[in-house]
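In what follows, a single structure is set out as structure tokens and then discussed.
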Amino acid sequence: MLIAKCYAIALHLKDGRTVRPGGVLLHDPSGKYWPKTSCLITTLKKLGRPLEPPTDEEIAWARDPKFVREGSAFAPAARSTSSWSRVGEVTEIDYRRYGEYADEYNHECKRPVPLYRKGRVYRLELGRGATFNWRGFVSP
């Protein structure tokens, strides 16, 4: 299951540009539905159906941790980056969290990570060792 993790995203690129994609950053920690070292930034439609039972991670990232809901997101079927257009390399990410840990966050990447685009959807490839915790990005 993809989890909505970040909102109001600003991606700062190595070449000095800043990309502010609309939508929400989605991540699948299991890697079952989308590679766990990759994030999608796309639109999300809330369906209103509660998830039962939600995982601890779903609760930690939810707008309302007491009421975790299902949603629907547009995601291109292509898992391979070959059909995506490369935008640049991200060196820093600014984002907003909601729920229990609501705040504005900044993450400086330990190494630049590639950003791709396909239509309105962006894809952030975090690479091996990519880690999230309760606060957000840990690595890269």
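We label chains A, B, ... in the order they appear in the structure tokens, count residues from 1 in each chain, and number ligands from 1 in the order shown.
If you count only C-alpha atoms and ignore residues fewer than 5 places along the chain from Glu100 of chain A, what sits within 9 Å of it is Ile59, Ala60, Trp61, Ala62, Arg63, Asp64 and Pro65 of chain A.
Note that the spacing between atom CA of Gly48 of chain A and atom CA of Arg69 of chain A amounts to 5.8 Å.
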Distance query Arg86 of chain A at most 8 Å, only C-alpha atoms, self and fewer than 6 positions along chain excluded, as a PyMOL selection string:
chain A and resi 114-117
Go ahead and write the selection's residues with N, CA and C atoms as an mmCIF file, in the first residue's frame.
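Saved to result36.cif:
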```
data_model
loop_
_atom_site.group_PDB
_atom_site.id
_atom_site.type_symbol
_atom_site.label_atom_id
_atom_site.label_comp_id
_atom_site.auth_asym_id
_atom_site.auth_seq_id
_atom_site.Cartn_x
_atom_site.Cartn_y
_atom_site.Cartn_z
ATOM 1 N N PRO A 114 18.036 11.157 -8.433
ATOM 2 C CA PRO A 114 17.365 11.532 -9.681
ATOM 3 C C PRO A 114 15.860 11.740 -9.531
ATOM 4 N N LEU A 115 15.377 12.738 -10.256
ATOM 5 C CA LEU A 115 13.959 13.055 -10.321
ATOM 6 C C LEU A 115 13.508 12.882 -11.762
ATOM 7 N N TYR A 116 12.396 12.167 -11.938
ATOM 8 C CA TYR A 116 11.836 11.918 -13.268
ATOM 9 C C TYR A 116 10.416 12.455 -13.325
ATOM 10 N N ARG A 117 9.934 12.610 -14.567
ATOM 11 C CA ARG A 117 8.563 13.067 -14.768
ATOM 12 C C ARG A 117 7.936 12.303 -15.928
#
```
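Residue nearest Lys118 of chain A, chosen from A:Leu13, A:Gly31, A:Ser82, A:Lys5 and counting only C-alpha atoms: A:Ser82.
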Distance query segment 133-136 of chain A at most 10 Å, only C-alpha atoms, self and fewer than 5 positions along chain excluded, as a ChimeraX atom specification:
/A:5-6,56-57,60-61,95-97,100-103,105-107
d(atom CA of Leu11 of chain A, atom CA of Ser139 of chain A) in Å:
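If I compute the distance from atom CA of Leu11 of chain A to atom CA of Ser139 of chain A, I get 15.3 Å.
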Among segment 9-140 of chain A, which ones does DSSP assign to strand (DSSP E) (computed from the backbone)? Answer as a ChimeraX atom specification.
/A:9-13,18-19,24-27,38-42,44-50,69-73,85-97,103-118,121-125,131-132,137-139
Would you mind listing what lies within 9 Å of Arg120 of chain A as number ranges by chain, with only C-alpha atoms counted and same-chain residues fewer than 4 positions away left out?
A: 21-22, 41-43
With N, CA and C atoms retained, export the selected residues as a CSV table (one decimal), in the first residue's frame.
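Contents of result38.csv, freshly written:
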```csv
chain,number,residue,atom,x,y,z
A,21,PRO,N,6.1,20.3,-7.4
A,21,PRO,CA,5.0,19.5,-8.0
A,21,PRO,C,3.8,19.6,-7.2
A,22,GLY,N,2.6,19.6,-7.9
A,22,GLY,CA,1.4,19.5,-7.2
A,22,GLY,C,1.1,18.1,-6.7
A,41,ILE,N,5.0,11.4,-6.8
A,41,ILE,CA,4.4,12.6,-6.4
A,41,ILE,C,3.3,12.8,-7.4
A,42,THR,N,2.0,12.7,-6.9
A,42,THR,CA,0.9,12.7,-7.8
A,42,THR,C,-0.4,13.2,-7.0
A,43,THR,N,-1.5,13.3,-7.7
A,43,THR,CA,-2.7,13.7,-7.1
A,43,THR,C,-3.3,12.5,-6.3
```
When you draw a straight line from atom CA of Gly16 of chain A to atom CA of Glu108 of chain A, how long is it in Å?
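Atom CA of Glu108 of chain A lies at a distance of 14.0 Å from atom CA of Gly16 of chain A.
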Which residues come within 10 Å of Arg20 of chain A, counting only C-alpha atoms, excluding same-chain residues fewer than 4 positions away, as a PyMOL selection string?
chain A and resi 8-12+94
Those same residues, written as a CSV table (one decimal), in the first residue's frame with N, CA and C atoms?
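So the final result, stored in selection.csv, reads:
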```csv
chain,number,residue,atom,x,y,z
A,8,ALA,N,2.9,19.8,0.1
A,8,ALA,CA,3.6,21.1,-0.2
A,8,ALA,C,5.1,20.9,-0.4
A,9,ILE,N,5.4,20.1,-1.4
A,9,ILE,CA,6.8,19.6,-1.7
A,9,ILE,C,7.5,20.6,-2.5
A,10,ALA,N,8.8,20.9,-2.2
A,10,ALA,CA,9.7,21.7,-3.0
A,10,ALA,C,11.0,20.9,-3.1
A,11,LEU,N,11.3,20.6,-4.3
A,11,LEU,CA,12.5,19.8,-4.6
A,11,LEU,C,13.6,20.7,-5.2
A,12,HIS,N,14.7,20.8,-4.5
A,12,HIS,CA,15.8,21.7,-4.9
A,12,HIS,C,16.8,20.9,-5.7
A,94,ASP,N,12.0,20.1,0.7
A,94,ASP,CA,11.2,20.7,1.7
A,94,ASP,C,9.8,20.1,1.6
```
Point out the residue among A:Val113, A:Leu126, A:Met1, A:Ile93 with the least atom-to-atom distance to Cys39 of chain A, counting only C-alpha atoms.
A:Leu126
Go through chain A and collect every residue that DSSP, computed from the backbone, puts in helix (DSSP H, G or I); the answer should be as a ChimeraX atom specification.
/A:56-61,81-83,99-101
Between A:Glu125, A:Ser30, A:Glu104, A:Pro54, which residue has the minimum interatomic distance to Tyr7 of chain A, considering only C-alpha atoms?
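Residue with the minimum atom-to-atom distance to Tyr7 of chain A: A:Glu104.
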Could you check which of A:Ile3, A:Glu92, A:Thr37, A:Ser85 is closest to Gly71 of chain A, using only C-alpha atoms?
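Ranking A:Ile3, A:Glu92, A:Thr37, A:Ser85 by distance to Gly71 of chain A, first place goes to A:Ile3.
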